[in-house]
$ cat my_file.cif   # mmCIF, C-alpha atoms
data_input
loop_
_atom_site.group_PDB
_atom_site.id
_atom_site.type_symbol
_atom_site.label_atom_id
_atom_site.label_comp_id
_atom_site.auth_asym_id
_atom_site.auth_seq_id
_atom_site.Cartn_x
_atom_site.Cartn_y
_atom_site.Cartn_z
ATOM 1 C CA MET Y 27 0.000 0.000 0.000
ATOM 2 C CA THR Y 28 2.834 2.377 0.760
ATOM 3 C CA ASP Y 29 4.854 3.184 -2.296
ATOM 4 C CA PHE Y 30 7.366 5.941 -1.792
ATOM 5 C CA SER Y 31 8.309 6.332 -5.414
ATOM 6 C CA VAL Y 32 8.099 9.926 -6.528
ATOM 7 C CA LEU Y 33 8.178 9.862 -10.307
ATOM 8 C CA THR Y 34 5.054 7.772 -10.911
ATOM 9 C CA PRO Y 35 2.688 10.012 -8.920
ATOM 10 C CA LEU Y 36 4.354 13.107 -10.418
ATOM 11 C CA ALA Y 37 3.784 11.703 -13.914
ATOM 12 C CA GLY Y 38 0.170 10.826 -13.078
ATOM 13 C CA GLY Y 39 -0.352 14.349 -11.802
ATOM 14 C CA ALA Y 40 1.233 15.831 -14.920
ATOM 15 C CA LEU Y 41 -1.238 13.839 -17.060
ATOM 16 C CA ILE Y 42 -4.140 15.114 -14.956
ATOM 17 C CA GLY Y 43 -2.907 18.689 -15.379
ATOM 18 C CA LEU Y 44 -2.486 18.122 -19.112
ATOM 19 C CA ALA Y 45 -6.052 16.801 -19.407
ATOM 20 C CA ALA Y 46 -7.413 19.783 -17.462
ATOM 21 C CA GLY Y 47 -5.176 22.075 -19.523
ATOM 22 C CA LEU Y 48 -6.616 20.713 -22.768
ATOM 23 C CA LEU Y 49 -10.117 21.497 -21.553
ATOM 24 C CA LEU Y 50 -8.938 25.026 -20.768
ATOM 25 C CA LEU Y 51 -7.056 25.693 -24.004
ATOM 26 C CA LEU Y 52 -9.577 24.054 -26.334
ATOM 27 C CA HIS Y 53 -12.862 24.815 -24.566
ATOM 28 C CA GLY Y 54 -12.033 27.599 -22.112
ATOM 29 C CA ARG Y 55 -13.485 25.548 -19.281
ATOM 30 C CA VAL Y 56 -12.414 24.589 -15.781
ATOM 31 C CA ALA Y 57 -12.036 20.825 -15.353
ATOM 32 C CA GLY Y 58 -13.938 20.702 -12.091
ATOM 33 C CA ILE Y 59 -15.453 17.256 -12.032
ATOM 34 C CA SER Y 60 -18.056 17.901 -9.333
ATOM 35 C CA GLY Y 61 -19.254 20.946 -11.271
ATOM 36 C CA ILE Y 62 -19.260 19.052 -14.570
ATOM 37 C CA LEU Y 63 -21.382 16.276 -13.034
ATOM 38 C CA ALA Y 64 -23.725 18.732 -11.313
ATOM 39 C CA GLY Y 65 -24.287 20.371 -14.704
ATOM 40 C CA LEU Y 66 -25.412 17.013 -16.049
ATOM 41 C CA LEU Y 67 -27.908 16.552 -13.223
ATOM 42 C CA THR Y 68 -29.615 19.862 -14.008
ATOM 43 C CA PRO Y 69 -29.064 20.217 -17.737
ATOM 44 C CA ARG Y 70 -29.051 23.632 -19.385
ATOM 45 C CA SER Y 71 -28.929 24.183 -23.098
ATOM 46 C CA GLY Y 72 -25.403 24.201 -24.516
ATOM 47 C CA GLU Y 73 -24.012 22.845 -21.251
ATOM 48 C CA VAL Y 74 -24.669 19.152 -21.674
ATOM 49 C CA ALA Y 75 -22.673 17.775 -24.601
ATOM 50 C CA TRP Y 76 -19.136 18.741 -23.542
ATOM 51 C CA ARG Y 77 -19.818 17.668 -19.957
ATOM 52 C CA ALA Y 78 -21.234 14.321 -21.048
ATOM 53 C CA ALA Y 79 -18.270 13.785 -23.383
ATOM 54 C CA PHE Y 80 -15.757 14.566 -20.607
ATOM 55 C CA ALA Y 81 -17.559 12.359 -18.073
ATOM 56 C CA GLY Y 82 -17.811 9.631 -20.729
ATOM 57 C CA GLY Y 83 -14.054 9.893 -21.273
ATOM 58 C CA LEU Y 84 -13.450 9.441 -17.543
ATOM 59 C CA LEU Y 85 -15.770 6.416 -17.433
ATOM 60 C CA PHE Y 86 -14.243 4.882 -20.534
ATOM 61 C CA GLY Y 87 -10.728 5.626 -19.246
ATOM 62 C CA GLY Y 88 -11.581 3.740 -16.061
ATOM 63 C CA LEU Y 89 -12.979 0.870 -18.101
ATOM 64 C CA ALA Y 90 -9.891 0.665 -20.326
ATOM 65 C CA VAL Y 91 -7.301 1.000 -17.557
ATOM 66 C CA GLY Y 92 -9.265 -1.393 -15.331
ATOM 67 C CA ALA Y 93 -9.270 -3.998 -18.099
ATOM 68 C CA LEU Y 94 -5.521 -3.676 -18.678
ATOM 69 C CA VAL Y 95 -4.331 -3.121 -15.093
ATOM 70 C CA PRO Y 96 -7.008 -4.313 -12.635
ATOM 71 C CA GLN Y 97 -4.822 -3.618 -9.589
ATOM 72 C CA ALA Y 98 -4.982 0.112 -10.429
ATOM 73 C CA PHE Y 99 -8.506 -0.007 -8.977
ATOM 74 C CA ALA Y 100 -7.789 -2.106 -5.896
ATOM 75 C CA VAL Y 101 -10.022 -1.186 -2.954
ATOM 76 C CA ASP Y 102 -8.140 -2.129 0.201
ATOM 77 C CA LEU Y 103 -10.246 -0.062 2.576
ATOM 78 C CA VAL Y 104 -12.740 -1.830 4.819
ATOM 79 C CA ARG Y 105 -15.932 0.203 4.462
ATOM 80 C CA SER Y 106 -19.562 -0.851 4.687
ATOM 81 C CA PRO Y 107 -21.880 0.130 1.830
ATOM 82 C CA PHE Y 108 -23.625 2.384 4.346
ATOM 83 C CA ALA Y 109 -20.377 4.261 5.077
ATOM 84 C CA ILE Y 110 -19.660 4.609 1.346
ATOM 85 C CA ALA Y 111 -23.171 5.938 0.696
ATOM 86 C CA ALA Y 112 -22.896 8.418 3.579
ATOM 87 C CA ALA Y 113 -19.541 9.553 2.214
ATOM 88 C CA GLY Y 114 -21.031 10.014 -1.256
ATOM 89 C CA LEU Y 115 -23.838 12.114 0.180
ATOM 90 C CA LEU Y 116 -21.342 14.309 2.060
ATOM 91 C CA VAL Y 117 -19.214 14.733 -1.059
ATOM 92 C CA GLY Y 118 -22.270 15.629 -3.138
ATOM 93 C CA VAL Y 119 -23.556 18.247 -0.694
ATOM 94 C CA GLY Y 120 -20.081 19.512 0.211
ATOM 95 C CA THR Y 121 -18.810 20.008 -3.331
ATOM 96 C CA ARG Y 122 -21.910 22.009 -4.317
ATOM 97 C CA LEU Y 123 -21.892 24.073 -1.135
ATOM 98 C CA GLY Y 124 -18.165 24.689 -1.497
ATOM 99 C CA SER Y 125 -18.263 25.189 -5.304
ATOM 100 C CA GLY Y 126 -15.743 22.498 -6.174
ATOM 101 C CA CYS Y 127 -13.660 19.462 -5.361
ATOM 102 C CA THR Y 128 -10.062 18.278 -5.680
ATOM 103 C CA SER Y 129 -9.969 18.957 -9.418
ATOM 104 C CA GLY Y 130 -11.758 22.308 -9.631
ATOM 105 C CA HIS Y 131 -10.259 23.907 -6.513
ATOM 106 C CA GLY Y 132 -7.012 21.939 -6.240
ATOM 107 C CA VAL Y 133 -5.769 21.288 -9.778
ATOM 108 C CA CYS Y 134 -7.385 24.238 -11.598
ATOM 109 C CA GLY Y 135 -7.894 26.861 -8.882
ATOM 110 C CA ILE Y 136 -4.530 26.890 -7.137
ATOM 111 C CA PRO Y 137 -2.419 27.502 -10.290
ATOM 112 C CA ARG Y 138 -4.798 30.340 -11.185
ATOM 113 C CA GLY Y 139 -3.904 31.976 -7.888
ATOM 114 C CA SER Y 140 -7.467 31.799 -6.612
ATOM 115 C CA ARG Y 141 -7.691 32.637 -2.929
ATOM 116 C CA ARG Y 142 -11.053 30.826 -2.707
ATOM 117 C CA SER Y 143 -9.596 27.648 -4.172
ATOM 118 C CA LEU Y 144 -6.479 27.754 -2.005
ATOM 119 C CA LEU Y 145 -8.537 28.124 1.170
ATOM 120 C CA ALA Y 146 -11.079 25.506 0.053
ATOM 121 C CA THR Y 147 -8.251 23.056 -0.669
ATOM 122 C CA ALA Y 148 -6.640 23.727 2.710
ATOM 123 C CA THR Y 149 -10.047 23.184 4.338
ATOM 124 C CA PHE Y 150 -10.890 19.869 2.687
ATOM 125 C CA MET Y 151 -7.344 18.572 3.226
ATOM 126 C CA THR Y 152 -7.549 19.454 6.928
ATOM 127 C CA ALA Y 153 -11.047 17.991 7.329
ATOM 128 C CA GLY Y 154 -9.891 14.879 5.460
ATOM 129 C CA ALA Y 155 -6.809 14.494 7.654
ATOM 130 C CA ALA Y 156 -8.860 14.860 10.833
ATOM 131 C CA THR Y 157 -11.438 12.359 9.591
ATOM 132 C CA ALA Y 158 -8.829 9.827 8.471
ATOM 133 C CA ALA Y 159 -7.063 10.069 11.840
ATOM 134 C CA ALA Y 160 -10.374 9.637 13.659
ATOM 135 C CA VAL Y 161 -11.231 6.534 11.596
ATOM 136 C CA THR Y 162 -7.805 5.030 12.332
ATOM 137 C CA HIS Y 163 -7.689 5.752 16.046
ATOM 138 C CA LEU Y 164 -11.327 5.779 17.113
ATOM 139 C CA ALA Y 165 -12.821 3.186 14.774
ATOM 140 C CA GLY Y 166 -9.816 0.915 14.317
ATOM 141 C CA GLY Y 167 -9.482 1.724 10.612
ATOM 142 C CA THR Y 168 -12.820 0.271 9.515
ATOM 143 C CA LEU Y 169 -16.234 1.829 9.050
ATOM 144 C CA MET E 6 -17.733 16.517 -33.479
ATOM 145 C CA ILE E 7 -14.182 17.693 -32.814
ATOM 146 C CA PRO E 8 -15.172 19.572 -29.624
ATOM 147 C CA LEU E 9 -16.932 16.478 -28.299
ATOM 148 C CA LEU E 10 -14.058 14.217 -29.216
ATOM 149 C CA SER E 11 -11.524 16.500 -27.540
ATOM 150 C CA SER E 12 -13.647 16.687 -24.365
ATOM 151 C CA PHE E 13 -13.873 12.911 -24.379
ATOM 152 C CA LEU E 14 -10.106 12.571 -24.826
ATOM 153 C CA ALA E 15 -9.458 15.059 -22.015
ATOM 154 C CA GLY E 16 -11.655 12.924 -19.736
ATOM 155 C CA LEU E 17 -9.868 9.783 -20.878
ATOM 156 C CA LEU E 18 -6.466 11.329 -20.205
ATOM 157 C CA PHE E 19 -7.697 12.503 -16.803
ATOM 158 C CA ALA E 20 -8.666 8.933 -15.884
ATOM 159 C CA ILE E 21 -5.299 7.585 -17.023
ATOM 160 C CA GLY E 22 -3.513 10.240 -14.963
ATOM 161 C CA LEU E 23 -5.555 9.354 -11.875
ATOM 162 C CA ALA E 24 -4.743 5.667 -12.301
ATOM 163 C CA VAL E 25 -1.021 6.262 -12.940
ATOM 164 C CA GLY E 26 -0.880 8.459 -9.852
ATOM 165 C CA GLY E 27 -2.510 5.744 -7.728
ATOM 166 C CA MET E 28 -5.503 7.977 -6.982
ATOM 167 C CA THR E 29 -8.009 5.348 -8.122
ATOM 168 C CA GLN E 30 -7.010 3.289 -5.066
ATOM 169 C CA PRO E 31 -8.972 4.673 -2.096
ATOM 170 C CA ALA E 32 -6.471 3.247 0.404
ATOM 171 C CA ARG E 33 -3.706 5.429 -1.066
ATOM 172 C CA VAL E 34 -5.849 8.554 -0.781
ATOM 173 C CA VAL E 35 -6.645 7.756 2.851
ATOM 174 C CA GLY E 36 -2.978 6.783 3.353
ATOM 175 C CA PHE E 37 -2.074 10.364 2.431
ATOM 176 C CA LEU E 38 -4.778 12.024 4.501
ATOM 177 C CA ASP E 39 -3.957 9.979 7.598
ATOM 178 C CA VAL E 40 -0.723 11.609 8.672
ATOM 179 C CA SER E 41 -1.152 9.950 12.056
ATOM 180 C CA GLY E 42 -0.852 6.460 10.605
ATOM 181 C CA GLY E 43 2.359 4.492 10.805
ATOM 182 C CA ALA E 44 3.093 4.364 7.067
ATOM 183 C CA TRP E 45 2.277 7.694 5.468
ATOM 184 C CA ASP E 46 1.783 7.580 1.676
ATOM 185 C CA PRO E 47 2.926 10.875 0.079
ATOM 186 C CA SER E 48 1.626 9.996 -3.422
ATOM 187 C CA LEU E 49 -1.345 12.353 -3.404
ATOM 188 C CA GLY E 50 0.968 15.256 -2.652
ATOM 189 C CA PHE E 51 3.180 14.431 -5.637
ATOM 190 C CA VAL E 52 0.125 13.951 -7.869
ATOM 191 C CA MET E 53 -1.166 17.355 -6.838
ATOM 192 C CA ALA E 54 2.253 18.955 -7.410
ATOM 193 C CA GLY E 55 2.557 17.419 -10.884
ATOM 194 C CA ALA E 56 -0.976 18.471 -11.813
ATOM 195 C CA VAL E 57 -0.574 22.037 -10.561
ATOM 196 C CA ALA E 58 2.724 22.377 -12.469
ATOM 197 C CA SER E 59 1.426 21.086 -15.802
ATOM 198 C CA TYR E 60 -1.862 23.004 -15.507
ATOM 199 C CA GLY E 61 0.259 26.077 -14.838
ATOM 200 C CA VAL E 62 1.882 25.608 -18.247
ATOM 201 C CA ALA E 63 -1.560 25.406 -19.897
ATOM 202 C CA LEU E 64 -2.622 28.576 -18.065
ATOM 203 C CA PHE E 65 0.492 30.350 -19.326
ATOM 204 C CA PHE E 66 -0.541 29.647 -22.918
ATOM 205 C CA ALA E 67 -4.236 30.303 -22.269
ATOM 206 C CA ARG E 68 -3.450 33.797 -20.975
ATOM 207 C CA ARG E 69 -1.749 34.602 -24.244
ATOM 208 C CA ARG E 70 -4.887 33.827 -26.206
ATOM 209 C CA GLU E 71 -7.963 35.956 -26.829
ATOM 210 C CA ARG E 72 -10.196 32.898 -26.884
ATOM 211 C CA PRO E 73 -9.929 29.139 -26.588
ATOM 212 C CA VAL E 74 -9.246 27.093 -29.723
ATOM 213 C CA LEU E 75 -12.709 25.548 -30.032
ATOM 214 C CA ALA E 76 -14.971 27.949 -28.124
ATOM 215 C CA ALA E 77 -15.983 31.608 -28.251
ATOM 216 C CA ARG E 78 -14.593 32.633 -24.860
ATOM 217 C CA PHE E 79 -12.878 31.539 -21.699
ATOM 218 C CA LEU E 80 -15.364 30.840 -18.902
ATOM 219 C CA LEU E 81 -13.308 30.991 -15.742
ATOM 220 C CA PRO E 82 -14.397 31.696 -12.170
ATOM 221 C CA THR E 83 -13.887 35.318 -11.155
ATOM 222 C CA ARG E 84 -15.266 35.283 -7.643
ATOM 223 C CA GLN E 85 -13.150 36.520 -4.771
ATOM 224 C CA ASP E 86 -15.593 36.361 -1.854
ATOM 225 C CA LEU E 87 -15.101 33.995 1.066
ATOM 226 C CA PRO E 88 -18.574 33.151 2.369
ATOM 227 C CA PRO E 89 -19.041 30.619 5.191
ATOM 228 C CA ARG E 90 -20.561 28.094 2.796
ATOM 229 C CA LEU E 91 -17.228 27.770 0.969
ATOM 230 C CA PHE E 92 -15.602 26.500 4.161
ATOM 231 C CA VAL E 93 -18.565 24.445 5.386
ATOM 232 C CA GLY E 94 -18.841 22.801 1.973
ATOM 233 C CA ALA E 95 -15.120 22.091 1.677
ATOM 234 C CA GLY E 96 -15.176 20.676 5.212
ATOM 235 C CA LEU E 97 -18.083 18.329 4.487
ATOM 236 C CA PHE E 98 -16.415 17.252 1.264
ATOM 237 C CA GLY E 99 -13.171 16.511 3.135
ATOM 238 C CA VAL E 100 -14.992 14.302 5.652
ATOM 239 C CA GLY E 101 -16.719 12.293 2.921
ATOM 240 C CA TRP E 102 -13.499 12.083 0.912
ATOM 241 C CA ALA E 103 -11.607 10.569 3.829
ATOM 242 C CA ILE E 104 -14.386 8.105 4.673
ATOM 243 C CA ALA E 105 -14.652 6.570 1.197
ATOM 244 C CA GLY E 106 -11.267 7.475 -0.282
ATOM 245 C CA PHE E 107 -13.133 8.743 -3.340
ATOM 246 C CA CYS E 108 -13.525 12.228 -4.707
ATOM 247 C CA PRO E 109 -15.703 12.763 -7.809
ATOM 248 C CA GLY E 110 -13.023 12.027 -10.465
ATOM 249 C CA PRO E 111 -11.735 8.727 -9.106
ATOM 250 C CA ALA E 112 -15.311 7.673 -8.316
ATOM 251 C CA LEU E 113 -16.290 8.174 -11.954
ATOM 252 C CA ALA E 114 -13.202 6.349 -13.264
ATOM 253 C CA GLY E 115 -13.798 3.594 -10.702
ATOM 254 C CA ALA E 116 -17.384 3.250 -11.866
ATOM 255 C CA GLY E 117 -16.059 2.785 -15.401
ATOM 256 C CA ALA E 118 -13.748 0.058 -14.134
ATOM 257 C CA GLY E 119 -16.707 -1.661 -12.447
ATOM 258 C CA VAL E 120 -15.637 -1.036 -8.849
ATOM 259 C CA PRO E 121 -18.732 -1.818 -6.721
ATOM 260 C CA GLN E 122 -17.900 0.839 -4.105
ATOM 261 C CA ALA E 123 -17.862 3.487 -6.830
ATOM 262 C CA TRP E 124 -21.327 2.416 -7.908
ATOM 263 C CA VAL E 125 -22.572 2.922 -4.343
ATOM 264 C CA PHE E 126 -20.720 6.227 -3.989
ATOM 265 C CA LEU E 127 -21.778 7.887 -7.267
ATOM 266 C CA PRO E 128 -25.581 7.704 -6.883
ATOM 267 C CA ALA E 129 -25.244 8.892 -3.276
ATOM 268 C CA MET E 130 -23.117 11.811 -4.477
ATOM 269 C CA ALA E 131 -25.648 12.702 -7.160
ATOM 270 C CA ALA E 132 -28.385 12.545 -4.507
ATOM 271 C CA GLY E 133 -26.373 14.903 -2.315
ATOM 272 C CA MET E 134 -25.993 17.382 -5.159
ATOM 273 C CA LEU E 135 -29.709 17.288 -5.970
ATOM 274 C CA LEU E 136 -30.625 17.523 -2.289
ATOM 275 C CA LEU E 137 -28.621 20.706 -1.839
ATOM 276 C CA GLN E 138 -30.076 22.129 -5.018
ATOM 277 C CA ALA E 139 -33.636 21.440 -3.864
ATOM 278 C CA TRP E 140 -32.874 23.002 -0.497
ATOM 279 C CA GLU E 141 -31.424 26.091 -2.154
ATOM 280 C CA ARG E 142 -34.445 26.413 -4.416
ATOM 281 C CA ARG E 143 -36.704 26.294 -1.398
ATOM 282 C CA ALA E 144 -34.624 28.992 0.269
ATOM 283 C CA VAL E 145 -35.010 31.177 -2.820
ATOM 284 C CA SER E 146 -38.772 30.820 -2.992
ATOM 285 C CA ARG E 147 -38.995 32.311 0.488
ATOM 286 C CA PRO E 148 -38.447 36.042 -0.010
ATOM 287 C CA SER E 149 -37.418 36.472 3.622
ATOM 288 C CA ALA E 150 -34.396 34.267 3.091
ATOM 289 C CA PRO E 151 -32.241 35.811 0.390
ATOM 290 C CA ARG E 152 -29.796 33.528 -1.293
ATOM 291 C CA GLU E 153 -26.260 33.989 -0.205
ATOM 292 C CA GLU E 154 -24.835 33.221 -3.626
ATOM 293 C CA PRO E 155 -26.539 33.151 -6.993
ATOM 294 C CA ARG E 156 -26.111 29.704 -8.495
ATOM 295 C CA SER E 157 -25.295 30.964 -11.929
ATOM 296 C CA GLY E 158 -22.927 33.632 -10.706
ATOM 297 C CA GLY E 159 -19.204 33.466 -10.394
ATOM 298 C CA ARG E 160 -18.442 32.896 -14.017
ATOM 299 C CA THR E 161 -17.950 35.893 -16.218
ATOM 300 C CA PRO E 162 -17.260 35.531 -19.889
ATOM 301 C CA ARG E 163 -13.885 36.913 -20.807
ATOM 302 C CA THR E 164 -14.662 38.559 -24.107
ATOM 303 C CA PRO E 165 -11.997 39.883 -26.411
ATOM 304 C CA GLN E 166 -11.252 43.527 -25.668
ATOM 305 C CA PRO E 167 -11.767 46.105 -28.388
ATOM 306 C CA GLY E 168 -8.965 48.485 -29.218
ATOM 307 C CA PRO E 169 -5.386 47.789 -28.221
ATOM 308 C CA PRO E 170 -5.149 44.232 -26.940
ATOM 309 C CA ALA E 171 -5.229 44.161 -23.179
ATOM 310 C CA PRO E 172 -2.168 42.377 -21.805
ATOM 311 C CA ALA E 173 -3.403 38.825 -21.758
ATOM 312 C CA SER E 174 -0.984 37.844 -19.044
ATOM 313 C CA THR E 175 -2.482 40.029 -16.354
ATOM 314 C CA PRO E 176 -5.911 38.549 -15.683
ATOM 315 C CA ALA E 177 -4.428 36.829 -12.656
ATOM 316 C CA THR E 178 -6.296 39.348 -10.572
ATOM 317 C CA SER E 179 -9.554 39.221 -12.487
ATOM 318 C CA THR E 180 -9.786 35.492 -13.065
ATOM 319 C CA ALA E 181 -8.859 34.387 -9.594
#
$ encode --input "my_file.cif" --output "structure tokens"
Amino acid sequence: MTDFSVLTPLAGGALIGLAAGLLLLLHGRVAGISGILAGLLTPRSGEVAWRAAFAGGLLFGGLAVGALVPQAFAVDLVRSPFAIAAAGLLVGVGTRLGSGCTSGHGVCGIPRGSRRSLLATATFMTAGAATAAAVTHLAGGTL
Amino acid sequence: MIPLLSSFLAGLLFAIGLAVGGMTQPARVVGFLDVSGGAWDPSLGFVMAGAVASYGVALFFARRRERPVLAARFLLPTRQDLPPRLFVGAGLFGVGWAIAGFCPGPALAGAGAGVPQAWVFLPAMAAGMLLLQAWERRAVSRPSAPREEPRSGGRTPRTPQPGPPAPASTPATSTA
């Protein structure tokens, strides 16, 4: 589980930034995945096709990589379906309330020098760290 | 057709980047967030650093352009305000992120790969988004409770300037 290699995650990150950069340079859009998905849930004219295509690319990318390298999608966490569903609900509400997630605030907002994105990223990292520590020490690492 | 194809390819590339970076494995995400654990996994930090650096290069080129290659204008967030909901929302997101080890991107890629947890997570996330939207709509319909933030706000079209071209490298202040 613990892999301290540096280059692989850096390369993965560079690909993510490149993908988000393509969306910016070609379409002038922020690659915020929570926002892209929210736009599909409440469709507005002219705002559906590019979002659906991007989300479809993510789905298909998962399908292709999962078929070639199944261990890339290993789930080694012990979590009940109830915990996963509760987490999904929190992420859904939280990303809309906070106007973004790891991609929109972290990857796209921070390089733009956005104060909102920097503070949002610091907040969700801190909340995540506190939660992860609580799960490890109070719940024994399982939920 | 080309705009749709390029959006699709950007999504595809995004998924590959997530997988290469190890971010499609929830245990590695939680392994980063849990700094109190015995074996800290720094991967997420390196992924973020790589993404911020390469997106920075794209931004550099974008700021030298009047408009994107395939669209009429750049649509980038311009808001600067720091309302409580930004922090409450980010906090709730962080809690959910650390519980499941999924944020929206990896959840979508995981769903494509047929990961059962992702298929539990995604509908719940969509429900959360719709729930908040319904709650906000209710708040709007009551005139006594003004909305804190307009839903459609925060994105201002950056139209080409007439006259001498405005220095395209300075919108750092306006597009933050």
$ resolve_selection --input "my_file.cif" --expression "the PyMOL selection byres ((chain Y and resi 54-69) around 8)" --output "PyMOL selection string"
(chain Y and resi 46+49-53+70-71+73-74+77-78+81+118+121-122+125-131+134) or (chain E and resi 72-73+76+78-81+109-110+131+134-135)
$ atom_distance --input "my_file.cif" --atom1 "atom CA of Ala109 of chain Y" --atom2 "atom CA of Phe107 of chain E"
12.0 Å
$ resolve_selection --input "my_file.cif" --expression "the PyMOL selection byres ((chain Y and resi 159-168) around 10)" --output "ChimeraX atom specification"
/Y:103-106,109,153-158,169 /E:35-36,38-42,103-104
$ residues_around --input "my_file.cif" --residues "Ile110 of chain Y" --least-positions-apart "6" --cutoff "10 Å" --atoms "only C-alpha atoms" --output "list in words"
Leu116 and Leu169 of chain Y; Gly101, Trp102, Ile104, Ala105, Gly106, Phe107, Gln122, Ala123, Trp124, Val125, Phe126, Leu127, Ala129 and Met130 of chain E
$ resolve_selection --input "my_file.cif" --expression "the PyMOL selection byres ((chain E and resi 114) around 7)" --output "list in words"
Leu84, Leu85, Gly87 and Gly88 of chain Y; Ala20, Gly110, Pro111, Ala112, Leu113, Gly115, Ala116, Gly117 and Ala118 of chain E
$ write_last_selection --input "my_file.cif" --atoms "C-alpha atoms" --output "short mmCIF file (atom, residue, chain, number, x, y, z; two decimals), keeping the file's coordinate frame"
data_model
loop_
_atom_site.label_atom_id
_atom_site.label_comp_id
_atom_site.auth_asym_id
_atom_site.auth_seq_id
_atom_site.Cartn_x
_atom_site.Cartn_y
_atom_site.Cartn_z
CA LEU Y 84 -13.45 9.44 -17.54
CA LEU Y 85 -15.77 6.42 -17.43
CA GLY Y 87 -10.73 5.63 -19.25
CA GLY Y 88 -11.58 3.74 -16.06
CA ALA E 20 -8.67 8.93 -15.88
CA GLY E 110 -13.02 12.03 -10.46
CA PRO E 111 -11.74 8.73 -9.11
CA ALA E 112 -15.31 7.67 -8.32
CA LEU E 113 -16.29 8.17 -11.95
CA GLY E 115 -13.80 3.59 -10.70
CA ALA E 116 -17.38 3.25 -11.87
CA GLY E 117 -16.06 2.78 -15.40
CA ALA E 118 -13.75 0.06 -14.13
#
$ atom_distance --input "my_file.cif" --atom1 "atom CA of Pro82 of chain E" --atom2 "atom CA of Arg141 of chain Y"
11.5 Å
$ atom_distance --input "my_file.cif" --atom1 "atom CA of Leu23 of chain E" --atom2 "atom CA of Asp102 of chain Y"
16.9 Å
$ closest_residue --input "my_file.cif" --among "Y:Ala146, Y:Leu89, Y:Leu36, Y:Ala98" --to "Pro31 of chain E" --atoms "all atoms listed in the file"
Y:Ala98
$ residues_around --input "my_file.cif" --residues "Pro35 of chain Y" --least-positions-apart "2" --cutoff "10 Å" --atoms "all atoms listed in the file" --output "list in words"
Asp29, Phe30, Ser31, Val32, Leu33, Ala37, Gly38, Gly39, Ala40 and Leu41 of chain Y; Gly22, Leu23, Ala24, Val25, Gly26, Gly27, Met28, Pro47, Ser48, Leu49, Gly50, Phe51, Val52, Met53, Ala54, Gly55 and Ala56 of chain E
$ closest_residue --input "my_file.cif" --among "E:Ala63, E:Leu14, E:Val120, E:Leu9" --to "Pro137 of chain Y" --atoms "only C-alpha atoms"
E:Ala63
$ closest_residue --input "my_file.cif" --among "E:Gly99, E:Pro89, E:Gly119, E:Pro8" --to "chain Y" --atoms "only C-alpha atoms"
E:Gly99
$ closest_residue --input "my_file.cif" --among "E:Glu71, E:Gly94, E:Arg143, E:Leu136" --to "chain Y" --atoms "all atoms listed in the file"
E:Gly94
$ closest_residue --input "my_file.cif" --among "Y:Val101, Y:Val91, Y:Leu123, Y:Ile136" --to "Ala95 of chain E" --atoms "only C-alpha atoms"
Y:Leu123
$ closest_residue --input "my_file.cif" --among "Y:Gly120, Y:Phe150, Y:Leu145, Y:Arg138" --to "Gln138 of chain E" --atoms "all atoms listed in the file"
Y:Gly120
$ decode --input "my_file.cif" --residues "segment 40-50 of chain E" --atoms "N, CA and C atoms" --output "PDB file, in the first residue's frame"
ATOM      1  N   VAL E  40      -2.119  11.362   8.319  1.00  0.00           N
ATOM      2  CA  VAL E  40      -0.723  11.609   8.672  1.00  0.00           C
ATOM      3  C   VAL E  40      -0.373  10.985  10.020  1.00  0.00           C
ATOM      4  N   SER E  41      -1.398  10.540  10.743  1.00  0.00           N
ATOM      5  CA  SER E  41      -1.152   9.950  12.056  1.00  0.00           C
ATOM      6  C   SER E  41      -0.830   8.464  11.949  1.00  0.00           C
ATOM      7  N   GLY E  42      -1.092   7.889  10.769  1.00  0.00           N
ATOM      8  CA  GLY E  42      -0.852   6.460  10.605  1.00  0.00           C
ATOM      9  C   GLY E  42       0.634   6.145  10.596  1.00  0.00           C
ATOM     10  N   GLY E  43       0.954   4.883  10.738  1.00  0.00           N
ATOM     11  CA  GLY E  43       2.359   4.492  10.805  1.00  0.00           C
ATOM     12  C   GLY E  43       3.083   4.673   9.487  1.00  0.00           C
ATOM     13  N   ALA E  44       2.427   4.334   8.372  1.00  0.00           N
ATOM     14  CA  ALA E  44       3.093   4.364   7.067  1.00  0.00           C
ATOM     15  C   ALA E  44       2.409   5.392   6.175  1.00  0.00           C
ATOM     16  N   TRP E  45       2.886   6.618   6.247  1.00  0.00           N
ATOM     17  CA  TRP E  45       2.277   7.694   5.468  1.00  0.00           C
ATOM     18  C   TRP E  45       2.601   7.516   3.993  1.00  0.00           C
ATOM     19  N   ASP E  46       1.611   7.713   3.129  1.00  0.00           N
ATOM     20  CA  ASP E  46       1.783   7.580   1.676  1.00  0.00           C
ATOM     21  C   ASP E  46       1.746   8.974   1.038  1.00  0.00           C
ATOM     22  N   PRO E  47       2.880   9.488   0.576  1.00  0.00           N
ATOM     23  CA  PRO E  47       2.926  10.875   0.079  1.00  0.00           C
ATOM     24  C   PRO E  47       2.393  11.040  -1.345  1.00  0.00           C
ATOM     25  N   SER E  48       1.962   9.943  -1.985  1.00  0.00           N
ATOM     26  CA  SER E  48       1.626   9.996  -3.422  1.00  0.00           C
ATOM     27  C   SER E  48       0.717  11.151  -3.794  1.00  0.00           C
ATOM     28  N   LEU E  49      -0.373  11.325  -3.035  1.00  0.00           N
ATOM     29  CA  LEU E  49      -1.345  12.353  -3.404  1.00  0.00           C
ATOM     30  C   LEU E  49      -0.692  13.728  -3.491  1.00  0.00           C
ATOM     31  N   GLY E  50       0.263  13.984  -2.616  1.00  0.00           N
ATOM     32  CA  GLY E  50       0.968  15.256  -2.652  1.00  0.00           C
ATOM     33  C   GLY E  50       1.759  15.426  -3.944  1.00  0.00           C
TER      34      GLY E  50
END
